[in-house]
Structures are given as C-alpha cells and as structure tokens.
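Student: One structure, as structure tokens, below. Some questions next.
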Number of protein chains: 2
Amino acid sequence: MPIYEAPTRDMQFLLHDVLKLQNYSNLPGFGEATPDVIDAFLEEAAKWHRDVLAPLNRTGDLEGCTRHEDGSVTTPTGFKEAYQQFCENGFKSIAMDPEYGGQGLPLTLAYAINEMTSAANQAFAMYPGLSAGAWHAIHQNASDEQKQKYLPPMTEGRWTGTMNLTEPQCGTDLGLIRTKAVPQGDGTYKISGQKIWISAGEHDMSENIIHLVLARIEGAPEGIKGISLFIVPKFMVGEDGSVGERNGVSCGGLEEKMGIHGNATCVMNYDEATGFLVGEEHKGMRAMFVMMNEARLGVGLQGLAAAEVAQQNAAMFARDRLQSRSVTGVKAPDKPADPIIVHPDVRRMLMDTRAFTEGARALTYWAALHEDMVHKAPDEADRQRSKDYMALLTPIIKAYQTHKGHQGANDALQVFGGSGYCEEWGMSQFVRDVRIAMIYEGTNGIQALDLVGRKLMAEGGRYWQTFFAEIDAWCEENKGVSDDLDAHIEKLLSAKGELVEATQWMGMNAMANFDNAGAASHDYLHLFGLVALGYMWAMMAKEAEAHKDEDDPFYANKLITARYFFERVLPETTAHLAKLKTGADTMMALPAEAF
Amino acid sequence: MPIYEAPTRDMQFLLHDVLKLQNYSNLPGFGEATPDVIDAFLEEAAKWHRDVLAPLNRTGDLEGCTRHEDGSVTTPTGFKEAYQQFCENGFKSIAMDPEYGGQGLPLTLAYAINEMTSAANQAFAMYPGLSAGAWHAIHQNASDEQKQKYLPPMTEGRWTGTMNLTEPQCGTDLGLIRTKAVPQGDGTYKISGQKIWISAGEHDMSENIIHLVLARIEGAPEGIKGISLFIVPKFMVGEDGSVGERNGVSCGGLEEKMGIHGNATCVMNYDEATGFLVGEEHKGMRAMFVMMNEARLGVGLQGLAAAEVAQQNAAMFARDRLQSRSVTGVKAPDKPADPIIVHPDVRRMLMDTRAFTEGARALTYWAALHEDMVHKAPDEADRQRSKDYMALLTPIIKAYQTHKGHQGANDALQVFGGSGYCEEWGMSQFVRDVRIAMIYEGTNGIQALDLVGRKLMAEGGRYWQTFFAEIDAWCEENKGVSDDLDAHIEKLLSAKGELVEATQWMGMNAMANFDNAGAASHDYLHLFGLVALGYMWAMMAKEAEAHKDEDDPFYANKLITARYFFERVLPETTAHLAKLKTGADTMMALPAEAF
C-alpha cells in the first residue's frame, strides 16, 4: 500500500522563508495566518491526509463509482465519510469569503492543503475541487441574491458544484454548444441537452448539487458569443434555502476511464431542467473562464502532487530494495546486495522528479500568492501586476506541470521495476490518475496556444515584459551574494536569454504565418516553464543559503537539489529553442491523408 | 474500436530500397525471399493482423486471463484460435532453422511480421514471442538430442516456451537466484523454487510448455557464476516425442497488471520438477543472455509497434474530429469546424511520432539484417562486424525505442483529448500495454548501464569505432548528391560530433569515478539513439530522393518526414550532451534518507 506524507517542511520553507507570507499582514485574512497558525494547520492536515484520505486511494481505484438504475451514483467505500470530515476540518473553506461562511485565509495556504488532498487521493480531490470552481464562478458573476442562496451551503460543503461545458460534438470548441435554454417569462429558463465528462456530476456525498451549465438561449448568436451561463440545481431551492423537489437533470451514465475511477465522470442529461441565468445573457463564456482559470492552476497542482506522492514511494522502495552492488564499491556489506538508491540511474529519476516537484511547488504557491494579491492588494498597480502574472503563468503552470508531473510519476513507477507494473503496488494508479490532468480544463495544447496566441500579445506584451524585468531585477539585486548563487544566476539569465530570443522569434514570425505560433507553442511553453522554475530555484537557493549554517539538513539538501536543477534540468531550454525556431513549414507539409 | 493497418508500403521501402535484401541472395534463405515473395507475405500477414488479431486486442484487455483452482489458465476469448491460425499461416517459423521444421527465411522479414503482431495485439504477441526466445536458447545451447526432441514441435507451435529468471528477491540481480537444482545421478535434476512474472507461464494454447529455468545446482558457487540453465517441460516428453505425465511445475497465481491483460503473467512454482541441464553446469547466464539479447530487440520492436498503431488511430481521429478553425483561415467551410489535423500542435504530435516510428523501423530492421549476417554471412569479418553492431545497438534499440514508443502512444492518446482517457476508444490500452516494455527484459536503466559499462569498453572500443566510421564513410560517399541531403548530412555529422564528444567524456571520466558512467548512461543512450536514427533517416532520404520523380507520393512524404526529423527531433542531442557532462557529483550528493 503506497504511503503519503505531506512535505510540510518544504511547504513551511516556501510560505515563511521564500514567499514570506508574514510580510503581507496588511492584506485581509493574512493577519490571521501567522506562522504558528499556518504550521498548526499544515500539521493537522498532513496527519488527516496521511491517515484517512491516502488509504482510500486504492479503494477508489478498485471500486470506482456505481450508477444505479434510478440514475443515482454511489462513491467508493469511505469517500462519503471522508468528505464529511474534510468539510468539518475546514479544508474546504480555507480561502472562501467570510461573508458566505468562509475562513478568509490566504489562497496560498489553501493551495498547500489542496496539494495534500490531490496527492493523497486525486479522484477524491476533484469533488471539493470542482465545487470550489463553481463557488468562485458564482461568487464573481452571480447576483447578490443568488450568492446568498447558493454560497453558504457550498462553503459548508453540504452542497457541491460542477462545471458543465463539454458536449459530444464539442470539447475545446465551445462555440459548437447545442444545449438550449428557453426563457419561461418568469426570469427562469428551461435547459435541455446533453453534457459529457461532468466530474462529480452525480454522487452521494452532498445534499444538493449546483450545476453550472453553458447553454444557448433560443435565438442567440452563433458561436461563443451566444453562450450563457446558468445555475441548474439538482434539487430546487426554496426561498428559505430549503432543498425541494428534483429538477430535470440526471446522470445518464458513467465513463470507463484510464484512471480517477473514484471520481464520478458523468453523462448529464438536461430535460427541461429549470435554470437561472448567471450574469448577462450571451456572456457565459467570460464567466466560465474565470472559473476555468482558477481550475487550471488547480490542475497544475495535481501534476506536482502526483509526482510528489509517486516519488515518495519510489524513494522508499529504492532505499529498501536490494539489487546488485554499487559500481563504486559495496555499500551494504552486511546485506546480499546494495539498496538500489546507490545506483546513479535510479538517483537520476528521483532527483529529476525532486527538482521538478520542489520547483513546481514554489511556482504554484507563488502564483497563488499573486491570486491573493489580485483579490486583496490595496494598490491598483499591484493588483494589475498580479493579474498580468496570473494570466501569463496559468497556462504554463497547467501544461508544464501536468506534463512533467506525469513524467515524474512514470519515472517513479520505473524505479519499482516490474513491481511498478503490478497494480498492487499502487504506482500504476498514480500514473493513470494524473494522465487526465494533461487533458482536462483545456488540453495542454490549448494551454500552449493560449500562451502564444493570447497572453504574449495582450497589452502589447506587458505581461511577459513585466515578468522578464522582475527576473532581471532579482538577478541584479542578488549578484555577489555567493559564488554558488552567482553560478545559478548566470545559468538562469542564459536560459532567460533563450526565452527572450524565442519571444522575439514569435513576434517576428507569428504574424507572417499564424501557424508558426502554433507550431512553436509547445516548445515555447516548456522553455518558459523551465525559466519560471529556474527563477523559483534561484530564490529558493538564496533563502537556503541564508540558513545553511543552521542545524537543519533541509537547507543543505535544498542547495544540492538547486544545483541539480541548474546543471541537469535547465539545459533542456536549448533544444526547445532550436526546435521552435524551425517554424511550421515542415510540420504542416504532409497532406492530411498521408498520415 | 481502434484499427490497425500494417505499414506494408514502408516495410517494402525498407526491405527493398533501403536494406536491399535482394543483394544478399548469396546468404542461405535470402534467395527464396525474392521481392515478390516478401510482398506477398507482407500483404497476407497485413490482412490477417488487421482482420483477425487486432479486433481481439480489446477483448484481451477486458477479459484478461483466468486462473482456475487446478492452476490451469484460460486465455481471453479468441486467443487460442488466433494462435492456431498464426502458426498455420507460418508466422511463427519464418526464420527458424529448416533442420527443425522452420522456413529459414531472413530474420529481417520475421521482424516485419513481428511488428505487425505486436502492433495488432501486444499481449497476444508475447506468447509466440517468448516461445521464439526459448527456441533460440535451445537452438544455440542445447545438445543435438535436446534440439531434436524439443525444437520441431516448438517450431510448429504445438508447444510453446518460457523464460524463467525472476524471483521475488531478484530481478536485475540474477546472482541472488535461490531456485535450486539437485542432481539425481541419472543426468536429470530436481528443480525447486518460485519464479515470478513468467510471461505465458501457463495457458491453454499449446499441448506442452517448455520452461527454460535458471537455477543453482547444490554446492554451486555464489553469484551468477553458479547459475545453470534447465529445460523443465510442463509435461514430460517421451523418447518418441509423445507428451506424457505432468511435471512438478504449476502456476500459483496471475499478476494484476497495468496492461497486457491478455498475457498470462504467472507465479510459477517448481516443486521437485524434473529438469534437464542445457549446456554446461554453472554456465547458465551466458546461455540465457543469448536468448535475452534477441528478446531485447523484440522489445524494442514493441515500442515502435505501439507508437505505430496508436498514431494510426490518432491520425484517423484527427482527420475526423471537427473542432475550432485553423488560425490561417477556414479549411472546411462546409463543416461547423475544421478537422483538428489542421492545428499545428496536433500535427506536432503526429509528426514527432511518425519521425520516430519510421526511423525506429529502419533501425530495427537494419539490426535484424545484421542478426541475419551474424548467423549466415560467409565472411568471418562480416559476421564479426555484425556481431559488434548487434552488441552495441541492442541496448539502444530496446531502451530508446520503448521510451519513445511509450511517449508516442501517449501523444496519440493526447490527440484524442478526453476520448483518449476513456477506455472505449482503446488509446489507454496502447499506453498501458507498452509501458511494460520499458521494464521487462532488463529495465531501460540496465540497458543504459550495459551500453556504457560493457559495450563501449569492449574490445578497446571497437564496436562504436566501427559504427562511427561507417557513418562517416556513408556521409562522405553521399555528399553532393543534393542540397537537401547535404543539409541532412551536415546535421547528422554535427550530432555525431556531439556523440563523439560524449564518448570521449565517458572515456576520461568514467575511470576516475565509475558513478560518472552510470550518471551519464541514460542521456548517453538517448544521444546515441538519436544519432542512430539520424543515420537511418539519412539513408532513407537518399533512397526516397532517388525515387522522388515517381508517381507514388510515398517518396515525397518520406522526404518531408526526414526533414522534420533533422529539424525537430535531432536537436535534442545538445541537451543530452550538456546533461551527461555534469557528471555524478550532484546526482549522488543527497543522503539516501533525505529522499
């Protein structure tokens, strides 16, 4: 049975030493999040995730969800009780608005807890995860009355939420949505159509399910400019908030998936269900994008979480499994062979994943702090800068981290050799579960296109210019601190130079042939991801150096992993630059029928 | 339901135009393999694999194998009948020695057919695959009497074979084997112990199963120098070849695996089973390595086969699925959206995989031809050169091709978006099935260590020196043929220059610290794999250019893919070189308990 021990020490290092949350006590909710409070929260959460949630992960994989003839869905044994504890422990409402019952603490802290939930049990994490997305979409787009009605029970966890976008004929291209909404004259609509791949669409954990549904009002314009957003509750809600009669929405089937079996992935049938418009008519896409952008950060977090838990188990296995002798001489003379962690190629896989998870954790929490700033910073310029960064980094965090997270889980499986391929060891599940993260909330290809097609060009390039300038300023400011840090800074600036070159190439070539942007997008995103992680590693190395004389070996280990990142991971930038500069011509040359 | 259409046109191009099998008609069996015979064979095999074997692939995944209380194992519906047809069609015995009933045709042709079998149904392919391995081990190591007894029914397919190496405490490190062999004084031995992960260890397809078992004769030296190889038939075989009483070997259980569910992966219990020594006492490892080396080429073939079939389905999906418009303008104005194959990032995944599969196919068949030469070339120098190449390239083909094949299957899944994650589309199975290929027959890490630890140093570096010299000579000879080919040659020589630099680095640094070799091994192997594929692509481009004025668009398409390989794939060499030159120090620096 795989284990999961939340990396609380690393989380503390990031929240206290690197991001220095204590310096933001002027922001609402940050004053309450003192280091002591944060540490206590992390500790309690780590214990619960280790002892309660992680052991249910394999149960979820083996049992999956069951749909009954009446369309009701049962989640795997233990999920319902765990969800109740999850809500009672306050893990659901950490950063939610106190006006609706939330704790109002920093999102940055919420992300740390989310990482634990996702690592311990990705399929489970999606139930509260989707709810949080729906919560935010309502919070930011719905009327006061709607917010008063739906948010408090969702904050509490008594009700959950979903996102209903995909239909059989449209996933990426939501302009093709056919689900229709017919106005009833009383302000409500009748919603009819079929949605697929609806995570947590039906289950037994909550008293009500609040579906957020994209649909087209009769007579609306074609394409995405005719899409509106609706609240469609599973059970109608009375004026007093009481749960009433069943609405015309039901689960028509569950998907058989490669992984996340514990999550109910539903076909949802809407048959003249009563829906309530959220925001303005035909402006549904914008509202949904708010929700989706935050969800994308959460998916990026899943990539890192899967790699973290897989790597923990791989490291444990590598310390225990005895096989062959070290090529530099016997290391465990009292044993029939050395533990495989003495073999460099096993180390390579563990170190690659470690350099990724620790860097990605820093980047994700850094982004979460900017998300906090977007909502809470008193200064407009700060809010704008954080907004720019969120816009720029979200596709990178989503795509780069799920790609590398999947790779990390795969490497961890590889460390187990043949045992990794046998289901009982649990490594296969980590790989299968996290595979979806490269697809949902916009495939990684769509993220790359969002980055090069929208984010780079927005505001005349302001987003990336600001980010690059921040890296330059940081490097300038920290030159001369130590030889080691100088060496890291030199490598970071060199990689950033390649990213600048790539950005210029995009500017010059994308306009001449738009396909050049698409053809370059994957490599550009990965190049950007590497530079962003490099920036995080430089910041972490600086803080670790400042503490390195302390007794805690954490800091010395952090410095080793930093060096590994700069030596062994960052050089990948060069290949990405070379590839992307070849443009689209050859890539697009084959006739479609030749494939 | 996924489809599979064998790439016969590409196979013909390789066998006729690139490898020019017709020029080897002086070798035994090659004279019979005229282009007409080869084409007819390919065509018939393609039809059978498409119509009969491929449709059973998903059946195998869903049903898996069943072990009954008496230890017998039933394979999935249709497997037994398909196996019988497979043997009757002569697919099993293509390259086997005519002295024992084989057809004696080139191994190169057998590899093409093996590719089809593996692509159509990897789990099925392992039954004849393991048999062929056992066949070769007996053919090369056993006594005449043993060969006469066991080989003819194995050639026919009435009997199958297995390889029994792994035990719970040892996979890679076979020196730890505990299964014991007690001499009975009559030339036979009693074999007792437990073997795990035995593919095709028990099943219902054949009348008898000939297990090849590594065991330690009582009193033998410790470690791998005390390991002997035994034949342990499931049913004892009479002097007249008749199948007699049951031997003391049985299947104790089946593994629950990530994939290849249709293959029976058995725990095999040996309880004083009668065994017959193959070759000399304590020399079992050498005999087993012969078998394993050939099996490793077969595993490398699985990597390419999985990527091929997955990519075929992805291409079909990409031509059909309508989603969004091309950024360079509407391509299918009569449809609600363009087929996704118009989007560059979808192309990127298809082209990456195509550049890999076509290059890997060339490399595998090229190696197979050298395997033919090892056995059949009249000139000792030719045989030795081919032997050198086989030794050098086998670990590269096994590890590079399974790594990239898994990646190709994953990319194909990604092209399907959410459908790729749903089991009904079959893409998940391709990814899950081929994942084992990175592990079995020696993990990819072991292949890399074999390359840098044994193959590079053997005979004073003769293997790689010969191979590098061949590339240089080919490039020299083909300079000036065309501007395009010159550009390819320039890129190939530049990549080869990096490989030479890496090889020199290994020479200088591996002796100082053996861990440097292990730390560099993965990147060195991939760098070598890229150069080897580059050589293949250069040869293919030359032949395609010679035909490019012909009506067949095959050649023009081949030239596009060649250009893609040199522009978009080969630049990865630089990152591998940069990484491997950083050595082992940082990789090995963390204390084991810090992970």
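The way I read the labels, and the way they are meant: chains A, B, ... in the order of the structure tokens, residue 1 as the first residue of every chain, and ligand 1 as the first ligand shown, with later ones counted on from there.
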Tell me which protein, DNA and RNA residues are within 8 Å of Met390 in chain B, counting only C-alpha atoms, leaving out same-chain ones fewer than 5 positions away, and put them as a PyMOL selection string.
Tutor: chain B and resi 367+370-371
Student: Residues within 9 Å of Val346 in chain B, please, as number ranges by chain. Count only C-alpha atoms; anything in the same chain fewer than 5 positions from it doesn't count.
Tutor: A: 445; B: 318, 340-341, 351, 414-415
Student: Could you jot down the CA of Leu42 in chain B to CA of Thr8 in chain B separation for me, Å, one decimal place?
Tutor: 6.4 Å
Student: Extract, using only C-alpha atoms, all DNA, RNA and protein residues at most 6 Å from Gly275 in chain A, discarding same-chain residues fewer than 4 positions from it, and format them as a PyMOL selection string.
Tutor: chain A and resi 188-189+230-232
Student: What's the separation between CA of Glu63 in chain A and CA of Ala437 in chain B, in Å to one decimal place?
Tutor: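 One can read the CA of Glu63 in chain A to CA of Ala437 in chain B distance as 27.8 Å.
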Student: Neighbours of Phe514 in chain B within 10 Å (only C-alpha atoms; same-chain residues fewer than 3 positions away dropped), as a ChimeraX atom specification?
Tutor: /A:326-329,344 /B:453,506,509-511,517-519,584
Student: CA of Phe289 in chain A and CA of Gly420 in chain B are how many Å apart?
Tutor: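 These two atoms are separated by 23.9 Å.
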Student: Return the single residue from B:Gly238, B:Pro2, B:Gly193, B:Pro76 that is closest to Gln429 in chain B, with distances computed using only C-alpha atoms.
Tutor: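 Comparing B:Gly238, B:Pro2, B:Gly193, B:Pro76 against Gln429 in chain B, the winner is B:Pro2.
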Student: Hey, what's within 10 Å of Met126 in chain A if we count only C-alpha atoms and toss same-chain stuff fewer than 5 positions away? As a list of chain:residue names, please?
Tutor: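 Near Met126 in chain A, the qualifying residues are A:Thr117, A:Ser118, A:Asn121, A:Ser131, A:Ala132, A:Thr162, A:Ser199, A:Ala200, A:Ile260, A:Gly262, A:Asn263, A:Ala264, A:Gly298, A:Val299, A:Gln302.
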Student: Take the residues that were just selected and, keeping N, CA, C and O atoms, output them as a short mmCIF file (atom, residue, chain, number, x, y, z; two decimals), in the first residue's frame.
Tutor:
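Once everything was written out, this is selection26.cif:
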data_model
loop_
_atom_site.label_atom_id
_atom_site.label_comp_id
_atom_site.auth_asym_id
_atom_site.auth_seq_id
_atom_site.Cartn_x
_atom_site.Cartn_y
_atom_site.Cartn_z
N THR A 117 -4.45 17.09 -0.61
CA THR A 117 -5.65 16.32 -0.98
C THR A 117 -5.44 15.62 -2.32
O THR A 117 -5.74 14.44 -2.49
N SER A 118 -4.87 16.36 -3.26
CA SER A 118 -4.66 15.82 -4.59
C SER A 118 -3.63 14.69 -4.56
O SER A 118 -3.78 13.67 -5.25
N ASN A 121 -5.18 11.58 -2.80
CA ASN A 121 -6.32 10.92 -3.45
C ASN A 121 -6.90 11.85 -4.52
O ASN A 121 -7.82 12.62 -4.26
N SER A 131 -16.28 21.81 -6.83
CA SER A 131 -17.16 22.67 -6.04
C SER A 131 -16.56 24.05 -5.87
O SER A 131 -17.25 25.06 -5.96
N ALA A 132 -15.26 24.07 -5.61
CA ALA A 132 -14.60 25.35 -5.40
C ALA A 132 -14.65 26.19 -6.68
O ALA A 132 -14.87 27.41 -6.63
N THR A 162 -20.63 21.74 -9.87
CA THR A 162 -20.00 21.16 -11.06
C THR A 162 -19.85 22.22 -12.15
O THR A 162 -20.45 23.30 -12.07
N SER A 199 -17.40 15.88 -14.18
CA SER A 199 -16.81 15.36 -12.95
C SER A 199 -17.71 15.69 -11.79
O SER A 199 -18.16 16.83 -11.65
N ALA A 200 -17.96 14.71 -10.94
CA ALA A 200 -18.80 14.88 -9.74
C ALA A 200 -20.22 15.31 -10.11
O ALA A 200 -20.92 15.93 -9.31
N ILE A 260 -8.56 7.82 -12.22
CA ILE A 260 -9.51 8.54 -11.36
C ILE A 260 -10.86 7.82 -11.31
O ILE A 260 -11.92 8.44 -11.46
N GLY A 262 -12.34 6.69 -8.81
CA GLY A 262 -13.16 7.11 -7.68
C GLY A 262 -13.97 8.36 -7.95
O GLY A 262 -14.86 8.72 -7.18
N ASN A 263 -13.65 9.02 -9.05
CA ASN A 263 -14.44 10.20 -9.41
C ASN A 263 -15.55 9.82 -10.38
O ASN A 263 -15.32 9.11 -11.36
N ALA A 264 -16.74 10.31 -10.09
CA ALA A 264 -17.88 10.02 -10.97
C ALA A 264 -17.82 10.96 -12.16
O ALA A 264 -18.06 12.16 -12.04
N GLY A 298 -5.31 24.74 -10.31
CA GLY A 298 -5.53 23.54 -9.50
C GLY A 298 -5.09 22.28 -10.22
O GLY A 298 -4.57 21.34 -9.61
N VAL A 299 -5.26 22.26 -11.53
CA VAL A 299 -4.82 21.09 -12.31
C VAL A 299 -3.29 21.04 -12.38
O VAL A 299 -2.69 19.97 -12.25
N GLN A 302 -2.19 19.39 -9.43
CA GLN A 302 -2.34 17.93 -9.48
C GLN A 302 -1.10 17.27 -10.07
O GLN A 302 -0.69 16.19 -9.64
#
Student: Would you mind writing down, as JSON, numbers by chain, each residue of range 182-328 of chain A that DSSP on the backbone assigns to strand (DSSP E or B)?
Tutor: {"A": [182, 183, 188, 189, 190, 191, 192, 193, 194, 195, 196, 197, 198, 199, 208, 209, 210, 211, 212, 213, 214, 215, 216, 217, 227, 228, 229, 230, 231, 232, 233, 235, 236, 237, 243, 244, 245, 246, 249, 250, 251, 252, 253, 254, 257, 265, 266, 267, 268, 269, 270, 271, 272, 273, 274, 275, 276, 277, 278, 322]}
Student: With distances taken over only C-alpha atoms, which of B:Leu229, B:Ala40, B:Leu151, B:Leu527 is nearest to Glu498 in chain B?
Tutor: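 Nearest to Glu498 in chain B: B:Leu527.
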Student: Find the spatial neighbours of Tyr400 in chain B, counting only C-alpha atoms, within a cut-off of 9 Å - ignore same-chain residues fewer than 2 positions away - and output them as a ChimeraX atom specification.
Tutor: /B:300,303,395-398,402-405,438,444,525-526,528-530
Student: For a quick check of understanding, using only C-alpha atoms, which of A:Ser419, A:Asp379, A:Gly442, A:Ala315 has the smallest distance to chain B?
Tutor: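 Closest candidate: A:Ala315.
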